[in-house]
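Everything on this sheet refers to the single structure shown next.
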There are 2 protein chains.
Amino acid sequence: MNARPGGRTARVRAAVLEATYEELAEHGWSGLTIENVATRAGVHKTTVYRRWATTDGLIADALAATAADTWPMPDTGSLEGDLIELAREIVRGTSPVFEAVIAAGFQSARARDALRDFYTRRHEQAAVVVVRGIGRGEVPAGTSPEELVRLTCAPLFYRYFITREPVDDAVAVRSARAAFAAAAAGVLC
Amino acid sequence: MNARPGGRTARVRAAVLEATYEELAEHGWSGLTIENVATRAGVHKTTVYRRWATTDGLIADALAATAADTWPMPDTGSLEGDLIELAREIVRGTSPVFEAVIAAGFQSARARDALRDFYTRRHEQAAVVVVRGIGRGEVPAGTSPEELVRLTCAPLFYRYFITREPVDDAVAVRSARAAFAAAAAGVLC
């Protein structure tokens, strides 16, 4: 196998993972099949079976690939402003694919592990905005960056996937402001 | 049909909804069938089909019945203390049934509507602790009770069902304290 970046193996992986996301967008987690992914990616299904084995293997690898992508962080000049932009990006990024990946976590231990790894990485990436805010003295030095990121995101996910309530820009802004206020009060140290 | 409380219709409903929860606990949302619920409840399956029609009909009615139950609210003497107890109760109440009901929301519009109604009712019920806290001057008068309850609960659900991270008592306490601090800072007005 050619494992060079940009080599055949990398091209097959990119095609299969893109096909996985497209199939998830159209048919959701419960409609995901190895056969349809292979057909859409233009590869033989034995190739997909050999490398990914199962549909939750596909989800796990797709999440790993997405987590490895660079996630551009806002830099508005204030921590509260950055958290607001972070929350807004979650609202913008919500999609049927996103919902399908969260749904997979309810039926597959492998998907749950992949989700945990994915969000660990995302929280680490977003921590940079909190570290800058600590440097500017906006929140106490001992503030947990990951926990502040979690509190910014959690109310949006709660509405989307638990209470099924609407989410709009006001909800995003309020979530970020509430998380920032808690951190500024020293609760996240 | 006898629709008196405690009459045959009420007894059948109670038996069917209890069987629904037991089946969800054992087999999850994807393993829920009308036939198994009927067998477990000791009623004929046509009775279940006639009244509930589908498995998401069962979930919707089970959630409606649970929402109508009285939910005893903590009364520790402080709003922050009450919110901590509320968060702890969510941690105590987590179960395979609970996860199955949230999972149903990913595959059924009817389950989503039932979840929205259920949480609307839960937020209303929990609002009493915030109203008392406003009365004691612990948070500003304009604080949204429902929003404070949402912020208390959201970080727990985020870990349980989205990021699949562990939840312990420290997480419950921190979620409640963070939500209270945001409210005290006036962000939820």
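Identifiers for the structure tokens are assigned positionally: chains receive A, B, ... in sequence, residues are indexed from 1 per chain, and ligands are indexed from 1 in the order shown.
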
Show which residues sit within 12 Å of Arg121 (chain B), as a VMD selection string. Count only C-alpha atoms, and ignore same-chain residues fewer than 2 positions away. (chain A and resid 163) or (chain B and resid 63 to 71 114 to 119 123 to 127 146 149)

Give the residues of chain B that lie within 8 Å of chain A; count only C-alpha atoms, and format the answer as a PyMOL selection string. chain B and resi 99-100+102-103+105-106+112-113+115-116+118-120+150-151+154-155+157-158+161-165+174+177-183+185+187-188

Excluding Pro74 (chain B) and residues on its chain fewer than 3 positions from it, collect all residues at most 12 Å away from it, counting only C-alpha atoms, and give them as a ChimeraX atom specification. /B:71,77-89,125-130,132

Using only C-alpha atoms, which of the listed residues (A:Asp56, A:Asp169, A:Ala15, A:Pro145) sits closest to Leu32 (chain A)?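 Of A:Asp56, A:Asp169, A:Ala15, A:Pro145, the one nearest Leu32 (chain A) is A:Asp56, counting only C-alpha atoms.
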
Which of region 12-151 of chain B end up as alpha helix (DSSP H) when DSSP is run on this backbone - answer as a ChimeraX atom specification? /B:12-27,34-41,45-52,55-68,79-93,96-104,109-135,145-151

Any chance you could export the current selection's C-alpha atoms as a compact mmCIF listing (two decimals), in the first residue's frame?
# COMPACT_ATOMS: atom_id res chain seq x y z
CA VAL B 12 -54.20 -0.58 30.88
CA ARG B 13 -52.39 2.68 30.16
CA ALA B 14 -50.29 2.39 33.32
CA ALA B 15 -49.37 -1.24 32.52
CA VAL B 16 -48.49 -0.44 28.90
CA LEU B 17 -46.38 2.60 29.76
CA GLU B 18 -44.56 0.72 32.52
CA ALA B 19 -43.90 -2.10 30.04
CA THR B 20 -42.65 0.48 27.53
CA TYR B 21 -40.09 1.79 30.03
CA GLU B 22 -39.02 -1.74 30.96
CA GLU B 23 -38.58 -2.70 27.31
CA LEU B 24 -36.58 0.49 26.68
CA ALA B 25 -34.36 -0.33 29.65
CA GLU B 26 -33.63 -3.80 28.28
CA HIS B 27 -33.58 -3.30 24.52
CA ILE B 34 -45.48 -3.07 20.07
CA GLU B 35 -45.65 -6.88 20.39
CA ASN B 36 -43.13 -7.07 23.22
CA VAL B 37 -44.74 -4.19 25.07
CA ALA B 38 -48.17 -5.88 24.80
CA THR B 39 -46.81 -9.21 26.02
CA ARG B 40 -45.03 -7.63 28.96
CA ALA B 41 -48.09 -5.55 29.90
CA LYS B 45 -51.41 -6.29 20.95
CA THR B 46 -54.44 -4.93 19.09
CA THR B 47 -55.21 -2.89 22.22
CA VAL B 48 -51.77 -1.29 22.00
CA TYR B 49 -51.99 -0.76 18.25
CA ARG B 50 -55.42 0.83 18.56
CA ARG B 51 -54.47 3.29 21.25
CA TRP B 52 -50.77 4.05 20.55
CA THR B 55 -43.54 2.82 19.09
CA ASP B 56 -43.03 6.57 18.98
CA GLY B 57 -46.65 6.90 20.07
CA LEU B 58 -45.71 4.84 23.12
CA ILE B 59 -42.69 7.03 23.83
CA ALA B 60 -44.73 10.21 23.45
CA ASP B 61 -47.40 8.99 25.88
CA ALA B 62 -44.82 7.70 28.36
CA LEU B 63 -43.13 11.10 28.37
CA ALA B 64 -46.49 12.86 28.77
CA ALA B 65 -47.35 10.64 31.74
CA THR B 66 -43.95 11.21 33.35
CA ALA B 67 -44.17 14.97 32.81
CA ALA B 68 -47.53 15.01 34.58
CA LEU B 79 -30.90 29.14 45.09
CA GLU B 80 -27.36 27.93 44.47
CA GLY B 81 -27.97 25.01 46.84
CA ASP B 82 -31.24 24.14 45.10
CA LEU B 83 -29.58 24.24 41.66
CA ILE B 84 -26.83 21.93 42.93
CA GLU B 85 -29.47 19.45 44.14
CA LEU B 86 -31.28 19.73 40.82
CA ALA B 87 -28.06 18.90 38.95
CA ARG B 88 -27.37 16.00 41.31
CA GLU B 89 -30.84 14.64 40.68
CA ILE B 90 -30.15 14.57 36.95
CA VAL B 91 -26.99 12.57 37.63
CA ARG B 92 -28.94 10.17 39.86
CA GLY B 93 -31.77 9.88 37.33
CA PRO B 96 -30.71 3.32 29.96
CA VAL B 97 -34.39 4.32 29.67
CA PHE B 98 -33.48 7.98 29.75
CA GLU B 99 -30.85 7.44 27.04
CA ALA B 100 -33.35 5.45 24.93
CA VAL B 101 -35.90 8.27 25.05
CA ILE B 102 -33.30 10.84 23.97
CA ALA B 103 -32.20 8.44 21.20
CA ALA B 104 -35.78 8.22 19.92
CA ALA B 109 -40.56 13.76 14.80
CA ARG B 110 -43.24 12.63 17.24
CA ALA B 111 -40.61 11.75 19.83
CA ARG B 112 -38.99 15.16 19.28
CA ASP B 113 -42.32 16.91 19.90
CA ALA B 114 -42.83 14.81 23.04
CA LEU B 115 -39.33 15.63 24.29
CA ARG B 116 -39.94 19.35 23.73
CA ASP B 117 -43.22 19.19 25.69
CA PHE B 118 -41.60 17.10 28.42
CA TYR B 119 -38.71 19.51 28.97
CA THR B 120 -40.95 22.56 28.75
CA ARG B 121 -42.94 21.09 31.63
CA ARG B 122 -39.79 20.13 33.57
CA HIS B 123 -38.33 23.61 33.17
CA GLU B 124 -41.62 25.13 34.37
CA GLN B 125 -41.68 22.84 37.40
CA ALA B 126 -38.07 23.64 38.32
CA ALA B 127 -38.65 27.37 37.87
CA VAL B 128 -40.09 27.50 41.40
CA VAL B 129 -36.61 27.34 42.93
CA VAL B 130 -35.52 30.34 40.85
CA VAL B 131 -38.63 32.32 41.72
CA ARG B 132 -37.87 31.74 45.42
CA GLY B 133 -34.26 32.85 44.82
CA ILE B 134 -35.46 36.03 43.13
CA GLY B 135 -37.71 36.62 46.15
CA PRO B 145 -36.20 30.96 35.58
CA GLU B 146 -36.36 28.52 32.66
CA GLU B 147 -33.07 29.73 31.23
CA LEU B 148 -31.30 29.32 34.56
CA VAL B 149 -32.65 25.76 34.80
CA ARG B 150 -31.47 25.05 31.23
CA LEU B 151 -27.95 26.30 31.99

So which one's closest to Ala172 (chain B), B:Gly137, B:Tyr160, B:Thr54, B:Thr143? Using only C-alpha atoms, please. B:Tyr160

By how many Å are CA of Val139 (chain A) and CA of Val173 (chain B) apart? 20.0 Å
